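Below is the file input_2.cif, which contains mmCIF, C-alpha atoms.
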```cif
data_input
#
loop_
_atom_site.label_atom_id
_atom_site.label_comp_id
_atom_site.auth_asym_id
_atom_site.auth_seq_id
_atom_site.Cartn_x
_atom_site.Cartn_y
_atom_site.Cartn_z
CA MET B 268 -7.10 64.12 -32.24
CA ILE B 269 -6.98 60.37 -32.85
CA THR B 270 -10.20 58.36 -32.77
CA ASP B 271 -11.21 54.86 -33.78
CA VAL B 272 -14.35 55.91 -35.66
CA LEU B 273 -15.44 59.25 -37.09
CA ILE B 274 -19.17 59.62 -37.70
CA ILE B 275 -20.59 62.33 -39.93
CA GLY B 276 -24.07 63.28 -38.73
CA ASN B 277 -25.88 63.13 -35.39
CA GLY B 278 -29.31 61.87 -36.40
CA PRO B 279 -30.78 58.60 -35.06
CA ALA B 280 -28.58 56.45 -37.33
CA GLY B 281 -25.34 58.21 -36.43
CA LEU B 282 -26.11 58.22 -32.72
CA ALA B 283 -27.12 54.55 -32.79
CA SER B 284 -23.74 53.77 -34.37
CA ALA B 285 -21.92 55.90 -31.80
CA ILE B 286 -23.66 54.31 -28.82
CA THR B 287 -23.07 50.80 -30.20
CA LEU B 288 -19.37 51.46 -30.72
CA ARG B 289 -18.94 52.85 -27.22
CA GLN B 290 -20.68 49.76 -25.83
CA HIS B 291 -17.77 47.81 -27.36
CA GLY B 292 -15.05 50.14 -26.14
CA ALA B 293 -14.21 52.02 -29.36
CA SER B 294 -13.43 55.73 -29.27
CA VAL B 295 -15.94 57.76 -31.30
CA THR B 296 -16.09 61.32 -32.59
CA VAL B 297 -19.25 62.73 -34.19
CA VAL B 298 -19.01 65.73 -36.52
CA HIS B 299 -22.33 67.40 -37.25
CA ARG B 300 -23.98 70.56 -38.51
CA PRO B 301 -25.94 72.90 -36.20
CA ALA B 302 -29.55 71.92 -35.74
CA VAL B 303 -32.06 73.49 -38.13
CA ASP B 304 -35.68 74.33 -37.46
CA ALA B 305 -38.04 71.86 -39.10
CA ILE B 306 -41.48 70.44 -38.48
CA ARG B 307 -40.68 67.03 -36.99
CA ALA B 308 -44.05 66.35 -35.35
CA GLY B 309 -46.24 63.50 -36.55
CA GLU B 310 -43.42 61.01 -37.09
CA SER B 311 -44.20 57.49 -36.03
CA LEU B 312 -42.08 54.63 -34.76
CA ALA B 313 -42.97 51.03 -35.53
CA ALA B 314 -43.36 48.70 -32.58
CA SER B 315 -40.58 46.48 -33.93
CA ALA B 316 -38.10 49.26 -33.08
CA ARG B 317 -38.26 48.26 -29.42
CA TYR B 318 -35.62 45.60 -30.10
CA SER B 319 -33.18 48.23 -31.37
CA LEU B 320 -33.93 50.40 -28.35
CA ILE B 321 -33.27 47.45 -26.06
CA GLU B 322 -29.91 46.84 -27.77
CA LEU B 323 -29.03 50.49 -27.21
CA ASP B 324 -30.09 50.19 -23.54
CA LEU B 325 -32.71 52.87 -24.15
CA TRP B 326 -35.97 51.00 -23.79
CA ASP B 327 -36.72 52.21 -20.26
CA ASP B 328 -35.78 55.78 -21.20
CA PHE B 329 -38.05 55.60 -24.23
CA LEU B 330 -41.00 54.38 -22.15
CA ALA B 331 -40.35 57.08 -19.54
CA ALA B 332 -40.74 59.75 -22.26
CA ALA B 333 -44.38 58.65 -22.65
CA HIS B 334 -44.63 59.08 -26.41
CA PRO B 335 -48.33 58.90 -27.44
CA PRO B 336 -49.39 55.48 -28.69
CA CYS B 337 -50.49 54.90 -32.27
CA TYR B 338 -53.16 52.21 -32.17
CA GLY B 339 -53.58 51.79 -35.92
CA ASN B 340 -54.23 53.57 -39.16
CA SER B 341 -57.06 54.22 -41.55
CA SER B 342 -56.56 54.41 -45.28
CA CYS B 343 -58.41 55.20 -48.47
CA TRP B 344 -56.11 53.44 -50.91
CA GLY B 345 -57.11 51.44 -53.95
CA ASP B 346 -60.77 51.90 -53.07
CA ASP B 347 -63.17 54.76 -52.40
CA ARG B 348 -63.93 53.35 -48.98
CA LEU B 349 -62.00 53.91 -45.75
CA PHE B 350 -60.36 50.84 -44.26
CA PHE B 351 -59.09 50.48 -40.70
CA TYR B 352 -56.13 48.49 -39.46
CA ASP B 353 -55.79 47.99 -35.71
CA PHE B 354 -52.21 47.31 -34.59
CA ILE B 355 -53.56 44.80 -32.09
CA GLN B 356 -53.55 42.48 -35.10
CA SER B 357 -49.79 42.87 -35.37
CA SER B 358 -47.47 40.55 -33.47
CA PHE B 359 -45.47 43.64 -32.46
CA GLY B 360 -48.44 45.57 -31.04
CA GLU B 361 -49.02 49.32 -31.11
CA GLY B 362 -46.52 51.87 -32.37
CA TRP B 363 -45.89 55.44 -31.21
CA TYR B 364 -46.15 59.03 -32.40
CA VAL B 365 -42.64 60.18 -31.61
CA ASN B 366 -41.75 63.56 -30.19
CA ARG B 367 -38.57 63.94 -32.25
CA THR B 368 -37.12 66.62 -30.00
CA ALA B 369 -37.42 64.36 -26.96
CA PHE B 370 -36.29 61.31 -28.94
CA GLN B 371 -33.19 63.10 -30.25
CA SER B 372 -32.40 64.40 -26.78
CA MET B 373 -32.62 60.86 -25.38
CA LEU B 374 -30.14 59.55 -27.95
CA LEU B 375 -27.77 62.50 -27.44
CA GLN B 376 -27.77 62.14 -23.66
CA LYS B 377 -27.00 58.43 -23.98
CA ALA B 378 -24.13 59.10 -26.38
CA VAL B 379 -22.65 61.86 -24.23
CA ALA B 380 -22.88 59.68 -21.12
CA ALA B 381 -21.17 56.88 -23.03
CA GLY B 382 -18.20 59.14 -23.79
CA VAL B 383 -18.82 60.11 -27.42
CA THR B 384 -17.03 63.31 -28.50
CA PHE B 385 -19.11 65.82 -30.48
CA ILE B 386 -17.86 68.55 -32.81
CA GLU B 387 -20.39 71.00 -34.24
CA THR B 388 -19.40 72.96 -37.31
CA ASN B 389 -21.05 74.89 -40.11
CA ARG B 390 -17.77 75.31 -41.98
CA ALA B 391 -16.52 73.30 -44.92
CA PHE B 392 -14.16 70.49 -43.98
CA GLY B 393 -11.78 68.25 -45.84
CA LEU B 394 -11.46 64.50 -45.68
CA ILE B 395 -8.75 62.39 -47.28
CA ARG B 396 -7.56 58.82 -46.82
CA GLU B 397 -3.87 58.08 -46.51
CA ARG B 398 -1.88 55.27 -44.94
CA MET B 399 -5.06 53.32 -44.17
CA ARG B 400 -6.43 56.18 -42.04
CA TRP B 401 -8.86 59.05 -42.58
CA GLN B 402 -7.59 62.59 -42.11
CA TYR B 403 -10.30 65.13 -41.26
CA THR B 404 -9.36 68.83 -41.42
CA GLU B 405 -11.52 71.84 -40.59
CA GLY B 406 -9.69 75.07 -39.87
CA HIS B 407 -7.17 74.26 -37.16
CA SER B 408 -8.98 71.03 -36.20
CA HIS B 409 -7.50 67.71 -37.25
CA ILE B 410 -8.94 64.25 -36.64
CA ASN B 411 -7.22 60.97 -37.48
CA ALA B 412 -9.65 58.02 -37.71
CA ALA B 413 -9.42 54.37 -38.70
CA THR B 414 -13.02 54.13 -39.94
CA ILE B 415 -15.66 56.61 -40.96
CA ILE B 416 -19.45 56.21 -40.94
CA ASP B 417 -21.55 58.38 -43.23
CA ALA B 418 -24.72 59.24 -41.30
CA SER B 419 -25.24 62.59 -43.03
CA GLY B 420 -28.83 61.86 -44.06
CA ARG B 421 -30.27 62.14 -47.56
CA ASN B 422 -27.34 64.36 -48.51
CA SER B 423 -25.00 61.32 -48.39
CA TRP B 424 -22.06 63.69 -48.00
CA LEU B 425 -19.23 61.20 -47.77
CA SER B 426 -20.57 58.97 -50.51
CA ARG B 427 -20.77 61.94 -52.85
CA GLN B 428 -17.17 62.85 -52.04
CA LEU B 429 -16.09 59.29 -52.80
CA GLY B 430 -17.99 59.27 -56.09
CA ILE B 431 -20.40 56.52 -55.04
CA LYS B 432 -23.39 56.49 -57.37
CA ARG B 433 -26.73 57.36 -55.77
CA ILE B 434 -29.69 55.79 -57.54
CA ARG B 435 -32.97 57.67 -57.33
CA LYS B 436 -36.26 55.86 -57.81
CA ASP B 437 -38.40 59.02 -57.92
CA ASN B 438 -38.49 62.75 -57.16
CA GLN B 439 -41.27 62.71 -54.57
CA ILE B 440 -41.46 65.62 -52.15
CA ALA B 441 -43.48 66.25 -49.01
CA VAL B 442 -45.45 69.43 -48.34
CA VAL B 443 -45.66 69.61 -44.54
CA SER B 444 -48.21 71.63 -42.55
CA LEU B 445 -48.54 71.85 -38.79
CA LEU B 446 -52.11 72.79 -37.92
CA GLY B 447 -53.74 73.84 -34.69
CA SER B 448 -57.22 74.38 -33.33
CA PRO B 449 -58.66 75.66 -30.05
CA ASN B 450 -61.00 72.67 -30.18
CA PRO B 451 -59.11 69.88 -31.98
CA LEU B 452 -60.60 66.56 -32.99
CA ARG B 453 -59.00 63.66 -31.15
CA SER B 454 -57.71 60.57 -32.91
CA GLN B 455 -55.00 58.04 -32.15
CA GLN B 456 -55.05 56.64 -35.66
CA SER B 457 -53.18 58.06 -38.60
CA LEU B 458 -55.00 58.65 -41.89
CA ILE B 459 -53.73 57.98 -45.41
CA GLU B 460 -55.71 59.00 -48.47
CA ALA B 461 -54.67 58.56 -52.10
CA VAL B 462 -55.69 61.21 -54.65
CA PRO B 463 -54.97 61.63 -58.39
CA ASP B 464 -51.65 63.50 -57.95
CA GLY B 465 -50.27 61.90 -54.77
CA TRP B 466 -51.43 61.02 -51.28
CA TRP B 467 -52.21 62.66 -47.95
CA TYR B 468 -51.02 61.69 -44.50
CA VAL B 469 -52.53 63.03 -41.27
CA SER B 470 -51.38 62.25 -37.74
CA GLU B 471 -51.32 63.67 -34.25
CA GLY B 472 -48.63 66.29 -33.72
CA GLY B 473 -48.85 66.61 -29.94
CA GLU B 474 -50.20 69.43 -27.77
CA GLY B 475 -53.46 69.58 -29.69
CA LYS B 476 -51.73 70.00 -33.04
CA VAL B 477 -52.04 67.87 -36.17
CA VAL B 478 -49.57 67.23 -38.97
CA ARG B 479 -50.89 67.21 -42.52
CA ILE B 480 -48.49 66.10 -45.26
CA PHE B 481 -49.08 65.87 -48.98
CA PHE B 482 -46.73 63.61 -50.95
CA THR B 483 -46.47 64.39 -54.64
CA ASP B 484 -44.09 65.05 -57.53
CA PRO B 485 -43.00 68.70 -57.86
CA ASP B 486 -43.59 68.98 -61.61
CA LEU B 487 -47.30 68.20 -61.19
CA HIS B 488 -48.01 71.64 -59.70
CA ASP B 489 -47.49 75.18 -60.97
CA ARG B 490 -44.47 76.85 -59.41
CA VAL B 491 -46.58 79.87 -58.40
CA ASP B 492 -48.70 77.61 -56.16
CA TRP B 493 -45.88 76.04 -54.20
CA LEU B 494 -45.54 78.74 -51.55
CA ASP B 495 -49.25 79.44 -51.27
CA PRO B 496 -50.78 77.82 -48.16
CA LEU B 497 -54.25 78.43 -49.59
CA TYR B 498 -53.45 76.23 -52.58
CA TRP B 499 -52.71 73.22 -50.37
CA ARG B 500 -55.61 74.10 -48.11
CA ARG B 501 -57.99 74.05 -51.08
CA LYS B 502 -56.54 70.75 -52.26
CA SER B 503 -57.25 69.22 -48.85
CA THR B 504 -60.93 70.15 -49.25
CA GLN B 505 -61.09 68.11 -52.46
CA THR B 506 -60.51 64.85 -50.57
CA ARG B 507 -63.04 62.34 -49.30
CA PHE B 508 -61.77 61.96 -45.74
CA VAL B 509 -58.95 64.39 -44.96
CA LYS B 510 -61.38 67.29 -45.24
CA HIS B 511 -63.47 65.77 -42.43
CA ARG B 512 -60.47 64.89 -40.27
CA LEU B 513 -59.13 68.46 -40.63
CA PRO B 514 -62.01 70.85 -41.39
CA VAL B 515 -60.58 74.10 -42.76
CA SER B 516 -63.10 76.01 -40.63
CA ARG B 517 -61.59 74.44 -37.52
CA TYR B 518 -57.84 74.28 -38.18
CA SER B 519 -55.28 76.89 -39.19
CA ASP B 520 -51.54 76.84 -39.92
CA VAL B 521 -49.31 77.13 -36.85
CA LEU B 522 -46.05 77.37 -38.79
CA PRO B 523 -45.15 78.22 -42.40
CA LEU B 524 -45.25 75.38 -44.91
CA GLN B 525 -42.14 73.25 -45.16
CA TYR B 526 -40.93 71.14 -48.04
CA THR B 527 -38.67 68.14 -47.89
CA SER B 528 -37.42 65.37 -50.15
CA ALA B 529 -39.46 62.19 -49.67
CA GLY B 530 -38.42 59.97 -52.55
CA SER B 531 -36.66 56.63 -52.57
CA HIS B 532 -32.96 56.38 -53.27
CA HIS B 533 -30.06 54.09 -52.48
CA LEU B 534 -26.33 53.97 -52.97
CA GLU B 535 -24.69 51.66 -55.46
CA TYR B 536 -23.04 50.03 -52.46
CA TYR B 537 -22.97 50.77 -48.73
CA ALA B 538 -19.45 50.02 -47.58
CA GLY B 539 -15.90 50.20 -48.83
CA GLU B 540 -12.36 50.42 -47.59
CA GLY B 541 -12.58 52.06 -44.17
CA TRP B 542 -16.11 53.45 -44.58
CA LEU B 543 -19.78 52.56 -44.20
CA ALA B 544 -23.01 54.44 -44.93
CA THR B 545 -26.03 54.17 -42.65
CA GLY B 546 -29.58 55.48 -42.32
CA ASP B 547 -30.81 57.83 -45.04
CA ALA B 548 -27.23 58.32 -46.20
CA ALA B 549 -27.31 54.67 -47.31
CA CYS B 550 -30.86 54.42 -48.58
CA ALA B 551 -33.96 56.54 -48.11
CA PHE B 552 -37.42 55.02 -48.04
CA ASP B 553 -40.78 56.26 -49.24
CA PRO B 554 -42.65 57.39 -46.09
CA LEU B 555 -45.49 55.10 -47.14
CA SER B 556 -43.35 52.22 -45.86
CA SER B 557 -43.13 53.67 -42.31
CA HIS B 558 -39.53 52.43 -42.07
CA GLY B 559 -37.72 55.74 -41.47
CA ILE B 560 -36.72 55.94 -37.79
CA ALA B 561 -36.78 52.17 -37.24
CA PHE B 562 -34.40 51.62 -40.17
CA ALA B 563 -32.16 54.45 -38.96
CA LEU B 564 -31.76 52.76 -35.58
CA ARG B 565 -31.31 49.24 -36.98
CA SER B 566 -28.84 50.22 -39.70
CA GLY B 567 -26.99 52.48 -37.26
CA ILE B 568 -26.50 49.60 -34.84
CA ASP B 569 -25.41 47.28 -37.64
CA ALA B 570 -22.95 49.88 -38.98
CA GLY B 571 -21.51 50.27 -35.49
CA LEU B 572 -21.07 46.51 -35.15
CA ALA B 573 -19.45 46.29 -38.57
CA ALA B 574 -17.06 49.12 -37.73
CA LYS B 575 -16.22 47.40 -34.45
CA ASP B 576 -15.39 44.19 -36.33
CA GLU B 577 -13.26 46.08 -38.85
CA LEU B 578 -11.26 47.59 -35.99
CA ALA B 579 -10.70 44.02 -34.74
CA GLY B 580 -9.27 43.04 -38.11
CA ILE B 581 -12.30 41.23 -39.55
CA SER B 582 -11.90 42.32 -43.17
CA ALA B 583 -15.23 40.86 -44.33
CA ALA B 584 -17.27 42.98 -41.89
CA GLY B 585 -17.97 45.71 -44.43
CA THR B 586 -19.03 43.22 -47.08
CA HIS B 587 -21.43 41.51 -44.69
CA TYR B 588 -22.91 44.88 -43.72
CA ASP B 589 -23.31 45.83 -47.38
CA GLU B 590 -25.16 42.57 -48.07
CA LYS B 591 -27.47 43.19 -45.11
CA ILE B 592 -28.47 46.67 -46.32
CA GLN B 593 -28.81 45.42 -49.91
CA LEU B 594 -31.30 42.83 -48.65
CA ALA B 595 -33.18 45.40 -46.58
CA PHE B 596 -33.62 47.66 -49.61
CA ARG B 597 -34.75 44.77 -51.84
CA LEU B 598 -37.39 43.78 -49.28
CA TYR B 599 -38.50 47.40 -49.01
CA GLY B 600 -38.68 47.65 -52.81
CA ALA B 601 -40.97 44.63 -52.97
CA GLN B 602 -43.19 46.07 -50.24
CA ARG B 603 -43.32 49.47 -51.93
CA ALA B 604 -44.18 47.89 -55.28
CA ASP B 605 -47.01 45.94 -53.69
CA LEU B 606 -48.45 49.03 -52.00
CA TYR B 607 -48.45 51.19 -55.13
CA ARG B 608 -49.74 48.31 -57.23
CA LYS B 609 -52.91 48.28 -55.13
CA GLU B 610 -53.88 51.80 -56.22
CA THR B 611 -55.45 51.48 -59.70
CA ARG B 612 -58.06 54.26 -59.76
CA TRP B 613 -55.89 56.76 -61.65
CA LYS B 614 -53.95 54.68 -64.16
CA ASP B 615 -53.57 57.62 -66.56
CA HIS B 616 -52.41 60.21 -64.00
CA PRO B 617 -48.64 60.93 -64.12
CA TYR B 618 -47.99 60.36 -60.41
CA TRP B 619 -49.39 56.85 -60.53
CA VAL B 620 -48.18 56.03 -64.04
CA ARG B 621 -44.61 56.66 -62.90
CA ARG B 622 -44.92 54.36 -59.93
CA GLN B 623 -46.64 51.61 -61.86
CA GLU B 624 -43.93 51.74 -64.52
CA GLN B 625 -41.23 51.43 -61.88
CA GLN B 626 -42.66 48.04 -60.94
CA LYS B 627 -42.27 46.56 -64.42
CA SER B 628 -39.00 44.71 -64.59
CA VAL B 629 -38.51 45.36 -68.30
CA VAL B 630 -38.31 49.11 -67.72
CA ALA B 631 -37.10 49.15 -64.12
CA ASN B 632 -33.75 50.68 -64.97
CA ASN B 633 -35.45 53.53 -66.85
CA GLY B 634 -37.14 54.54 -63.61
CA MET B 635 -33.80 55.21 -61.92
CA ASN B 636 -31.75 58.37 -62.04
CA ILE B 637 -28.06 58.07 -61.24
CA GLU B 638 -26.42 61.12 -59.67
#
```

Would you mind writing the file out in structure tokens?
Amino acid sequence: MITDVLIIGNGPAGLASAITLRQHGASVTVVHRPAVDAIRAGESLAASARYSLIELDLWDDFLAAAHPPCYGNSSCWGDDRLFFYDFIQSSFGEGWYVNRTAFQSMLLQKAVAAGVTFIETNRAFGLIRERMRWQYTEGHSHINAATIIDASGRNSWLSRQLGIKRIRKDNQIAVVSLLGSPNPLRSQQSLIEAVPDGWWYVSEGGEGKVVRIFFTDPDLHDRVDWLDPLYWRRKSTQTRFVKHRLPVSRYSDVLPLQYTSAGSHHLEYYAGEGWLATGDAACAFDPLSSHGIAFALRSGIDAGLAAKDELAGISAAGTHYDEKIQLAFRLYGAQRADLYRKETRWKDHPYWVRRQEQQKSVVANNGMNIE
């Protein structure tokens, strides 16, 4: 099979790239792994993402899905009091709690309708570059592509194969619980609460369910406690506000606990000869920034446009894309530093010491781990 662009991964970033390329007439093949079960409820989408959805010709489809609005958030951060921020104060307006299953289905349907070819595989595959083309081999399948886009998520599969350095800012993980109640409390605001060893996030999960996530560093907890739901349940009762938003007498676990990487990392660079990285494969953001899905869409579109320009012979397209993502990560880094700098109640606790040290320019490089 010969294709203009091969995309590894079918998440929001990869699909945004695929749709964008098809809008400009390029042939696209997406190779992806089978879907895995994961708690994806409680994810939010910033209002600014509407512009990306409009570019993808998906705005009307998104509105038709009727994702619940997120009118603001409340936070206990840097102070013992709870502060409220109403999104009406934002020039972009309210955001949304996204049903990821419906959102993913919307993107997939658009890509399929646009003529994107999909190949699902759980087998190992090979990828080499020769004669200015990429040669993909998996069993008896062969794909010849001019350009490849790495949209493989935090795994950064292609970048690892190419030996691109991945720079980690921290080892933060997320402990995710989906809770239910026969008589749930209603709220259309998310809740963030900082505690000595991390921070809590609570949001609506749809259908009367609530998502509770604890962000922390894995070495701050005994290994024996990790798989014990009661441990995290007890920790939630030691908070000022989460315990009232999710009373343990009222809510119980709907699904087993899930754990996922939630730290910040970025590649040494985001584009090279015949390849680009997008979404989490390029750089992953701390969930505190709320950039996840919106960045996936934006970077996916930009990667698609850069690939389209490369196909047209514009050799500087990859460099311009790299500069754009470099800027995006620098701006995110400044925002992240400002947010963590505001929390000063636990200056001697490891979780916060690490993040305060990362903000000091004289030791910034010591806070990075290169893989």

3 Å per side around region 431-448 of chain B: axis-aligned box centre and edge lengths, as JSON:
```
{"center_x": -38.8, "center_y": 65.1, "center_z": -45.6, "size_x": 42.8, "size_y": 24.6, "size_z": 30.6}
```

ask   = For Gly567 (chain B), which of B:Leu522, B:Leu349, B:Leu494, B:Ile286 is the closest residue, counting all atoms listed in the file?
value = B:Ile286

inquiry  = The residues within 12 Å of (-58.3, 56.2, -62.9), using all atoms listed in the file and the coordinates of the file, should be reported as a PyMOL selection string; which are they?
reply    = chain B and resi 345-347+461-464+610-620

Nearby residues (only C-alpha atoms) at most 9 Å from Lys377 (chain B), same-chain spacing under 5 positions excluded, as a ChimeraX atom specification = /B:282,286,323-325,372,382

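Among the candidate residues B:Gly447, B:Leu555, B:Asp569, B:Leu578, the one lying nearest to Val515 (chain B) is B:Gly447, with distances computed using all atoms listed in the file.
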
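With all atoms listed in the file as the atoms that count, the residue of B:Asn277, B:Gln402, B:Ser566, B:Thr483 with the shortest distance to Ile415 (chain B) is B:Gln402.
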
task = Pull the neighbourhood of (-45.2, 62.7, -45.2) for me: all residues within 10 Å in file coordinates, counting only C-alpha atoms, as a ChimeraX atom specification.
result = /B:309-310,440-444,459,466-470,478-483,526-529,553-555,557

Save out the residues we just selected, C-alpha atoms, as an mmCIF file, in the coordinates of the input.
```
data_model
loop_
_atom_site.group_PDB
_atom_site.id
_atom_site.type_symbol
_atom_site.label_atom_id
_atom_site.label_comp_id
_atom_site.auth_asym_id
_atom_site.auth_seq_id
_atom_site.Cartn_x
_atom_site.Cartn_y
_atom_site.Cartn_z
ATOM 1 C CA GLY B 309 -46.240 63.500 -36.550
ATOM 2 C CA GLU B 310 -43.420 61.010 -37.090
ATOM 3 C CA ILE B 440 -41.460 65.620 -52.150
ATOM 4 C CA ALA B 441 -43.480 66.250 -49.010
ATOM 5 C CA VAL B 442 -45.450 69.430 -48.340
ATOM 6 C CA VAL B 443 -45.660 69.610 -44.540
ATOM 7 C CA SER B 444 -48.210 71.630 -42.550
ATOM 8 C CA ILE B 459 -53.730 57.980 -45.410
ATOM 9 C CA TRP B 466 -51.430 61.020 -51.280
ATOM 10 C CA TRP B 467 -52.210 62.660 -47.950
ATOM 11 C CA TYR B 468 -51.020 61.690 -44.500
ATOM 12 C CA VAL B 469 -52.530 63.030 -41.270
ATOM 13 C CA SER B 470 -51.380 62.250 -37.740
ATOM 14 C CA VAL B 478 -49.570 67.230 -38.970
ATOM 15 C CA ARG B 479 -50.890 67.210 -42.520
ATOM 16 C CA ILE B 480 -48.490 66.100 -45.260
ATOM 17 C CA PHE B 481 -49.080 65.870 -48.980
ATOM 18 C CA PHE B 482 -46.730 63.610 -50.950
ATOM 19 C CA THR B 483 -46.470 64.390 -54.640
ATOM 20 C CA TYR B 526 -40.930 71.140 -48.040
ATOM 21 C CA THR B 527 -38.670 68.140 -47.890
ATOM 22 C CA SER B 528 -37.420 65.370 -50.150
ATOM 23 C CA ALA B 529 -39.460 62.190 -49.670
ATOM 24 C CA ASP B 553 -40.780 56.260 -49.240
ATOM 25 C CA PRO B 554 -42.650 57.390 -46.090
ATOM 26 C CA LEU B 555 -45.490 55.100 -47.140
ATOM 27 C CA SER B 557 -43.130 53.670 -42.310
#
```

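Between CA of Lys502 (chain B) and CA of Pro514 (chain B) lies a distance of 12.2 Å.
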
key: Nearest to Ile321 (chain B), chosen from B:Arg597, B:Ser294, B:Leu543, B:Ile568, with all atoms listed in the file counted in the distances   = B:Ile568

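Atom to atom, CA of Gly465 (chain B) and CA of Ala548 (chain B) stand 24.8 Å apart.
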
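Nearest residue to Gly559 (chain B), choosing from B:Val298, B:Val521, B:Ile275, B:Ala313 and counting only C-alpha atoms: B:Ala313.
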
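For the atom pair formed by CA of Ile592 (chain B) and CA of Arg608 (chain B), the distance is 24.0 Å, given to one decimal.
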
request  = Please write the residues picked by the PyMOL selection byres ((chain B and resi 556) around 12) on this file as a ChimeraX atom specification.
outcome  = /B:311-313,459,529-531,551-555,557-562,596,598-607

key: Selection result of the PyMOL selection byres ((chain B and resi 453-457) around 8) on this file, as a ChimeraX atom specification   = /B:336-341,451-452,458-459,468-471
